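The structure file structure-v3.txt is reproduced below (compact mmCIF, C-alpha atoms and all ligand atoms).
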```txt
# COMPACT_ATOMS: atom_id res chain seq x y z
CA MET A 1 -59.62 43.56 -32.06
CA LYS A 2 -57.26 40.63 -31.54
CA ASN A 3 -55.34 38.12 -33.60
CA ILE A 4 -56.58 34.68 -32.65
CA LEU A 5 -54.69 31.51 -33.57
CA HIS A 6 -56.52 28.15 -33.44
CA ILE A 7 -54.14 25.18 -33.34
CA ILE A 8 -56.00 21.99 -34.24
CA SER A 9 -54.46 18.60 -33.47
CA SER A 10 -57.45 16.26 -33.86
CA PRO A 11 -57.52 14.19 -37.05
CA LYS A 12 -61.33 14.17 -36.92
CA GLY A 13 -62.01 17.51 -38.57
CA ASP A 14 -65.25 19.24 -37.67
CA GLN A 15 -66.52 16.02 -35.98
CA SER A 16 -63.84 16.50 -33.36
CA TYR A 17 -64.99 17.49 -29.88
CA SER A 18 -61.84 19.50 -29.18
CA VAL A 19 -62.41 21.40 -32.43
CA GLN A 20 -66.02 22.13 -31.43
CA LEU A 21 -64.85 23.37 -28.03
CA GLY A 22 -62.20 25.49 -29.79
CA ASN A 23 -64.82 26.91 -32.16
CA ALA A 24 -67.04 27.84 -29.18
CA THR A 25 -64.05 29.57 -27.58
CA ILE A 26 -63.48 31.54 -30.77
CA ARG A 27 -67.20 32.45 -31.01
CA TYR A 28 -66.93 33.85 -27.51
CA LEU A 29 -63.71 35.73 -28.30
CA LEU A 30 -65.25 37.23 -31.45
CA SER A 31 -68.25 38.36 -29.39
CA ILE A 32 -66.03 40.31 -27.00
CA TYR A 33 -63.44 41.37 -29.59
CA PRO A 34 -65.49 42.01 -32.77
CA GLY A 35 -63.48 42.19 -35.97
CA SER A 36 -60.70 39.95 -34.66
CA THR A 37 -58.79 37.82 -37.16
CA VAL A 38 -58.80 34.05 -36.82
CA THR A 39 -56.03 31.86 -38.23
CA GLU A 40 -56.41 28.07 -38.16
CA ARG A 41 -53.43 25.74 -38.16
CA TRP A 42 -54.46 22.14 -38.81
CA LEU A 43 -51.49 20.07 -37.67
CA ILE A 44 -52.79 16.97 -39.46
CA ALA A 45 -52.30 18.80 -42.78
CA ASP A 46 -48.70 19.74 -41.99
CA GLU A 47 -45.55 17.76 -42.49
CA ILE A 48 -44.08 18.66 -39.12
CA PRO A 49 -40.42 17.69 -38.93
CA ALA A 50 -39.37 15.51 -35.99
CA LEU A 51 -36.44 17.04 -34.15
CA ASN A 52 -33.26 15.52 -35.53
CA ASP A 53 -29.55 16.04 -34.92
CA ALA A 54 -29.20 18.65 -37.70
CA GLN A 55 -31.98 20.78 -36.26
CA ILE A 56 -30.80 20.51 -32.68
CA ARG A 57 -27.30 21.58 -33.80
CA SER A 58 -28.77 24.48 -35.76
CA PHE A 59 -30.31 25.83 -32.55
CA PHE A 60 -26.76 26.72 -31.49
CA VAL A 61 -24.71 26.91 -34.72
CA PRO A 62 -26.27 28.80 -37.66
CA HIS A 63 -27.34 26.62 -40.61
CA ASN A 64 -24.62 26.59 -43.30
CA GLY A 65 -27.09 27.05 -46.16
CA ASP A 66 -26.69 23.52 -47.57
CA GLY A 67 -30.09 22.03 -48.30
CA ARG A 68 -33.32 23.00 -46.61
CA ASP A 69 -33.01 25.00 -43.41
CA PRO A 70 -33.94 22.53 -40.63
CA ASN A 71 -35.90 25.34 -38.96
CA TRP A 72 -38.20 26.00 -41.94
CA TYR A 73 -41.33 24.83 -40.11
CA SER A 74 -40.25 26.35 -36.80
CA ASP A 75 -39.85 29.73 -38.57
CA ILE A 76 -43.39 29.54 -39.98
CA ILE A 77 -45.11 28.69 -36.71
CA LEU A 78 -43.03 31.08 -34.62
CA ALA A 79 -44.03 33.95 -36.93
CA GLU A 80 -47.68 32.88 -36.58
CA VAL A 81 -47.54 32.62 -32.79
CA LYS A 82 -45.72 35.97 -32.50
CA GLN A 83 -48.57 37.58 -34.46
CA ALA A 84 -51.21 36.08 -32.16
CA ASP A 85 -52.69 37.70 -29.07
CA ILE A 86 -54.81 34.69 -28.08
CA ILE A 87 -53.96 31.08 -28.87
CA VAL A 88 -56.60 28.34 -28.75
CA VAL A 89 -54.94 24.94 -28.50
CA GLY A 90 -57.12 21.95 -29.39
CA ALA A 91 -55.92 18.80 -27.65
CA PRO A 92 -57.65 15.43 -28.02
CA MET A 93 -56.49 12.92 -25.40
CA TYR A 94 -54.50 10.12 -27.02
CA ASN A 95 -53.12 7.34 -24.81
CA PHE A 96 -53.21 9.51 -21.69
CA GLY A 97 -51.39 12.38 -23.38
CA ILE A 98 -51.52 14.72 -26.35
CA HIS A 99 -51.49 13.73 -30.02
CA ALA A 100 -47.94 13.16 -31.34
CA LEU A 101 -48.41 16.00 -33.88
CA LEU A 102 -49.08 18.49 -31.10
CA LYS A 103 -45.91 17.30 -29.35
CA ALA A 104 -44.01 17.68 -32.65
CA TYR A 105 -45.45 21.20 -33.03
CA ILE A 106 -44.31 22.10 -29.50
CA ASP A 107 -40.82 20.76 -30.26
CA GLN A 108 -40.69 23.20 -33.20
CA LEU A 109 -42.03 26.07 -31.09
CA VAL A 110 -39.66 25.76 -28.13
CA ARG A 111 -36.44 27.08 -29.65
CA PRO A 112 -33.57 28.91 -27.97
CA GLY A 113 -33.21 32.53 -29.05
CA HIS A 114 -36.70 32.56 -30.57
CA SER A 115 -39.25 31.53 -27.97
CA PHE A 116 -36.99 31.62 -24.92
CA VAL A 117 -33.60 33.15 -24.14
CA TYR A 118 -30.85 32.37 -21.68
CA GLU A 119 -30.23 35.03 -19.04
CA ALA A 120 -26.70 35.87 -17.84
CA ASP A 121 -27.13 33.61 -14.80
CA GLY A 122 -28.16 30.65 -16.96
CA THR A 123 -31.87 30.81 -16.21
CA ARG A 124 -34.27 30.84 -19.13
CA LYS A 125 -36.91 33.41 -19.93
CA GLY A 126 -39.85 32.98 -22.29
CA VAL A 127 -40.16 35.75 -24.89
CA LEU A 128 -43.60 34.98 -26.40
CA THR A 129 -45.15 37.39 -23.93
CA ASN A 130 -48.37 39.43 -23.94
CA LYS A 131 -50.32 36.40 -25.10
CA MET A 132 -52.82 34.15 -23.43
CA ALA A 133 -53.97 30.67 -24.37
CA TYR A 134 -57.04 28.49 -23.97
CA LEU A 135 -56.61 24.72 -23.94
CA CYS A 136 -59.57 22.92 -25.53
CA ILE A 137 -59.22 19.32 -24.40
CA ALA A 138 -61.46 16.33 -25.22
CA SER A 139 -61.17 12.89 -23.63
CA GLY A 140 -63.17 9.76 -24.34
CA GLY A 141 -63.20 8.72 -20.68
CA LYS A 142 -64.41 10.48 -17.57
CA TYR A 143 -61.91 10.71 -14.77
CA GLY A 144 -62.42 11.24 -11.08
CA GLU A 145 -60.25 12.66 -8.34
CA HIS A 146 -58.07 9.60 -7.72
CA PHE A 147 -56.52 9.33 -11.16
CA ASN A 148 -57.02 12.18 -13.59
CA PRO A 149 -54.67 11.88 -16.58
CA VAL A 150 -56.30 14.89 -18.26
CA GLU A 151 -55.10 17.13 -15.44
CA LYS A 152 -51.89 15.23 -14.80
CA TYR A 153 -50.54 14.73 -18.32
CA ILE A 154 -52.32 17.26 -20.54
CA VAL A 155 -53.30 20.35 -18.54
CA ASN A 156 -50.15 20.36 -16.41
CA TYR A 157 -47.86 19.74 -19.38
CA LEU A 158 -49.41 22.29 -21.73
CA GLN A 159 -49.59 24.94 -19.01
CA ALA A 160 -45.95 24.34 -18.07
CA ILE A 161 -44.56 24.41 -21.59
CA LEU A 162 -46.61 27.41 -22.74
CA ASN A 163 -45.69 29.32 -19.57
CA TYR A 164 -42.05 28.40 -20.25
CA VAL A 165 -42.10 30.27 -23.58
CA GLY A 166 -43.83 33.25 -21.95
CA ILE A 167 -47.52 32.58 -22.66
CA ASN A 168 -49.60 33.35 -19.60
CA PRO A 169 -52.34 32.72 -18.51
CA VAL A 170 -53.17 29.32 -19.98
CA ILE A 171 -56.81 28.49 -19.28
CA PRO A 172 -57.95 24.87 -19.48
CA LEU A 173 -61.38 23.98 -20.90
CA VAL A 174 -62.23 20.28 -20.86
CA VAL A 175 -64.95 17.99 -22.21
CA GLU A 176 -64.85 14.43 -20.87
CA GLY A 177 -66.73 11.27 -21.75
CA THR A 178 -66.97 11.78 -25.52
CA VAL A 179 -66.90 8.01 -26.04
CA ASP A 180 -70.45 7.79 -24.64
CA PRO A 181 -72.88 7.56 -27.59
CA ALA A 182 -75.19 9.88 -25.64
CA PHE A 183 -72.44 12.46 -25.12
CA ALA A 184 -73.82 15.97 -25.41
CA VAL A 185 -72.51 19.20 -24.02
CA ASP A 186 -73.16 22.91 -24.25
CA TYR A 187 -69.78 24.14 -25.50
CA ASP A 188 -70.71 27.81 -25.23
CA ALA A 189 -71.70 27.36 -21.57
CA ILE A 190 -68.34 25.72 -20.78
CA VAL A 191 -66.52 28.69 -22.27
CA LEU A 192 -68.70 31.22 -20.47
CA ASP A 193 -68.19 29.45 -17.13
CA ASN A 194 -64.39 29.43 -17.49
CA HIS A 195 -63.47 32.46 -19.56
CA GLN A 196 -60.99 35.07 -18.41
CA VAL A 197 -60.66 38.41 -20.10
CA LEU A 198 -57.16 39.43 -19.24
CA ILE A 199 -55.73 41.04 -22.32
C1 LIG A 201 -55.71 6.41 -30.58
C2 LIG A 201 -56.65 6.93 -29.53
C3 LIG A 201 -56.24 6.95 -28.21
C4 LIG A 201 -57.12 7.41 -27.23
N1 LIG A 201 -56.69 7.42 -25.92
C5 LIG A 201 -57.54 7.81 -24.96
C6 LIG A 201 -57.13 7.80 -23.59
O1 LIG A 201 -56.02 7.46 -23.23
N2 LIG A 201 -58.04 8.21 -22.66
C7 LIG A 201 -59.29 8.62 -22.99
O2 LIG A 201 -60.06 8.99 -22.11
N3 LIG A 201 -59.70 8.66 -24.28
C8 LIG A 201 -58.85 8.26 -25.27
N4 LIG A 201 -59.25 8.30 -26.58
C9 LIG A 201 -60.56 8.88 -26.91
C10 LIG A 201 -60.40 10.35 -27.32
O3 LIG A 201 -59.80 11.08 -26.27
C11 LIG A 201 -61.76 10.94 -27.66
O4 LIG A 201 -62.23 10.32 -28.85
C12 LIG A 201 -61.69 12.45 -27.84
O5 LIG A 201 -62.98 12.91 -28.16
C13 LIG A 201 -60.70 12.83 -28.94
O6 LIG A 201 -60.77 14.21 -29.17
P1 LIG A 201 -61.35 14.76 -30.56
O7 LIG A 201 -62.81 14.41 -30.56
O8 LIG A 201 -61.11 16.21 -30.53
O9 LIG A 201 -60.62 14.07 -31.68
C14 LIG A 201 -58.40 7.86 -27.57
C15 LIG A 201 -58.79 7.86 -28.92
C16 LIG A 201 -57.94 7.39 -29.89
C17 LIG A 201 -58.37 7.39 -31.33
```
As structure tokens, how would this structure be written, given the file I've shared?
Amino acid sequence: MKNILHIISSPKGDQSYSVQLGNATIRYLLSIYPGSTVTERWLIADEIPALNDAQIRSFFVPHNGDGRDPNWYSDIILAEVKQADIIVVGAPMYNFGIHALLKAYIDQLVRPGHSFVYEADGTRKGVLTNKMAYLCIASGGKYGEHFNPVEKYIVNYLQAILNYVGINPVIPLVVEGTVDPAFAVDYDAIVLDNHQVLI
């Protein structure tokens, strides 16, 4: 039994292809880990703060208690991620990258002393360990070998930043070409072809 966290960044609800790929991933996970809990975090429903000066300062100097703690949202999502064993990250491709809300979420997740720590020699170590992630990515276009922004700007970025906070492995699952009116895909088959049972 595992705690599964599904992070949803598409504004398109259940019509979203990344959500459908995420749901197939969770169906698969529930089949191998019956009785697991599933928590959904719909970023479109959240008022995710943009990093501002007060919050960046509070990373290093404790909040003085005046007004709302700038880390209120960061505290919520860090507690949720710490609880999770497996994180399914839905990522629609927007303008060659991820949706701005997923970037805002990551900016709240990557926080010194909470998701990574500084070692004595100045290097940084991720502390959100013993967790794996699946990336469930959907792009309207289909990309070949010569220029593949899905790999270059989404897979590489999300793998790097999740590894940075200690999450490993990060397994990419991708559906491409969703803009085609005839787009159809067997989500369950994609998951089965790419799954890794490592925890
Ligand atoms: C504002 C916007 C920007 C987009 N940018 C791209 C893009 O750069 N490349 C691409 O292949 N598809 C792009 N698309 C198409 C989406 O990637 C496609 O609709 C995908 O299915 C979105 O994922 P979702 O179905 O989970 O929402 C864009 C769509 C929107 C609405």
Residues within 9 Å of ligand LIG 201 (chain A), counting only C-alpha atoms and all ligand atoms, as a ChimeraX atom specification
/A:8-21,90-99,136-143,149-150,175-179
Using only C-alpha atoms, determine which residues lie at most 8 Å from stretch 65-75 of chain A, disregarding the query and same-chain residues fewer than 4 positions distant; provide the list as number ranges by chain.
A: 48-49, 54-55, 58, 79, 108-109
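Using all atoms listed in the file for every distance, the candidate list A:Ala189, A:Asn64, A:Leu128, A:Ile44 yields A:Leu128 as the residue closest to A:Lys82.
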Which residues come within 8 Å of A:Asn130, counting only C-alpha atoms, excluding same-chain residues fewer than 5 positions away, as number ranges by chain?
A: 85, 166-168, 199
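Between atom CA of A:Leu78 and atom CA of A:Leu192 lies a distance of 29.3 Å.
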Report the distance between atom CA of A:Thr129 and atom CA of A:Asp107 in Å, rounded to one decimal place.
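Separation of atom CA of A:Thr129 and atom CA of A:Asp107: 18.3 Å.
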Kindly provide, as a list in words, the polymer residues lying within 9 Å of (-51.3, 32.8, -35.8), counting all atoms listed in the file and using the coordinates exactly as they appear in the file.
Asn3, Ile4, Leu5, His6, Ile7, Val38, Thr39, Glu40, Arg41, Ile77, Leu78, Ala79, Glu80, Val81, Lys82, Gln83, Ala84, Asp85, Ile86 and Ile87 of chain A
From the set A:Val174, A:Ile26, A:Ile76, A:Ala45, which residue has the shortest atom-to-atom contact distance to A:His114, counting only C-alpha atoms?
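Among the listed residues, the smallest separation from A:His114 belongs to A:Ile76.
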Pick from A:Val89, A:Leu43, A:Met1, A:Leu135: nearest to A:Leu173, with all atoms listed in the file counted?
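With all atoms listed in the file as the atom set, the closest residue is A:Leu135.
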Interatomic distance (Å, one decimal) between atom CA of A:Asp188 and atom CA of A:Leu30
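Separating atom CA of A:Asp188 from atom CA of A:Leu30 is a distance of 12.5 Å.
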What's around stretch 161-165 of chain A at 7 Å? Count only C-alpha atoms, leave out sequence neighbours fewer than 6 positions away in its own chain, and write the answer as a ChimeraX atom specification.
/A:110,115-116,126-128
Got a sec to write stretch 73-99 of chain A of the block to a file, N, CA and C atoms, as a compact mmCIF listing (two decimals), in the first residue's frame?
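File written: result_4.txt
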```
# COMPACT_ATOMS: atom_id res chain seq x y z
N TYR A 73 1.59 28.35 1.58
CA TYR A 73 1.29 27.35 0.54
C TYR A 73 2.42 26.32 0.46
N SER A 74 3.64 26.78 0.57
CA SER A 74 4.79 25.89 0.57
C SER A 74 4.66 24.84 1.68
N ASP A 75 4.22 25.28 2.87
CA ASP A 75 4.04 24.33 3.99
C ASP A 75 3.03 23.25 3.65
N ILE A 76 1.92 23.66 3.00
CA ILE A 76 0.86 22.69 2.67
C ILE A 76 1.39 21.64 1.69
N ILE A 77 2.03 22.12 0.61
CA ILE A 77 2.43 21.15 -0.42
C ILE A 77 3.63 20.32 0.03
N LEU A 78 4.50 20.90 0.85
CA LEU A 78 5.63 20.10 1.34
C LEU A 78 5.13 18.96 2.23
N ALA A 79 4.13 19.25 3.07
CA ALA A 79 3.57 18.19 3.92
C ALA A 79 2.97 17.09 3.05
N GLU A 80 2.29 17.49 1.98
CA GLU A 80 1.65 16.53 1.08
C GLU A 80 2.69 15.67 0.35
N VAL A 81 3.73 16.32 -0.14
CA VAL A 81 4.77 15.57 -0.87
C VAL A 81 5.53 14.65 0.09
N LYS A 82 5.77 15.12 1.32
CA LYS A 82 6.49 14.27 2.29
C LYS A 82 5.70 13.00 2.59
N GLN A 83 4.37 13.12 2.60
CA GLN A 83 3.50 11.96 2.85
C GLN A 83 3.52 10.96 1.70
N ALA A 84 3.85 11.44 0.49
CA ALA A 84 3.67 10.61 -0.71
C ALA A 84 4.85 9.66 -0.93
N ASP A 85 4.52 8.47 -1.42
CA ASP A 85 5.56 7.54 -1.87
C ASP A 85 5.79 7.67 -3.37
N ILE A 86 4.69 7.92 -4.09
CA ILE A 86 4.76 8.00 -5.55
C ILE A 86 4.03 9.27 -5.98
N ILE A 87 4.68 10.06 -6.81
CA ILE A 87 4.11 11.34 -7.24
C ILE A 87 3.91 11.28 -8.75
N VAL A 88 2.68 11.55 -9.18
CA VAL A 88 2.35 11.56 -10.60
C VAL A 88 2.16 13.02 -10.99
N VAL A 89 3.04 13.50 -11.86
CA VAL A 89 3.02 14.93 -12.21
C VAL A 89 2.45 15.10 -13.62
N GLY A 90 1.28 15.69 -13.71
CA GLY A 90 0.67 15.95 -15.02
C GLY A 90 1.22 17.24 -15.58
N ALA A 91 1.70 17.17 -16.83
CA ALA A 91 2.34 18.36 -17.42
C ALA A 91 1.91 18.55 -18.87
N PRO A 92 0.90 19.38 -19.13
CA PRO A 92 0.60 19.77 -20.50
C PRO A 92 1.72 20.66 -21.03
N MET A 93 2.03 20.52 -22.33
CA MET A 93 3.05 21.42 -22.90
C MET A 93 2.41 22.75 -23.26
N TYR A 94 2.93 23.82 -22.70
CA TYR A 94 2.47 25.18 -23.02
C TYR A 94 3.68 25.98 -23.51
N ASN A 95 3.61 26.42 -24.75
CA ASN A 95 4.67 27.29 -25.29
C ASN A 95 6.07 26.72 -25.04
N PHE A 96 6.20 25.46 -25.42
CA PHE A 96 7.46 24.69 -25.34
C PHE A 96 7.89 24.34 -23.93
N GLY A 97 7.10 24.69 -22.93
CA GLY A 97 7.51 24.37 -21.57
C GLY A 97 6.32 23.88 -20.76
N ILE A 98 6.43 24.02 -19.45
CA ILE A 98 5.34 23.60 -18.56
C ILE A 98 4.39 24.77 -18.32
N HIS A 99 3.20 24.47 -17.82
CA HIS A 99 2.23 25.50 -17.45
C HIS A 99 2.82 26.35 -16.32
```
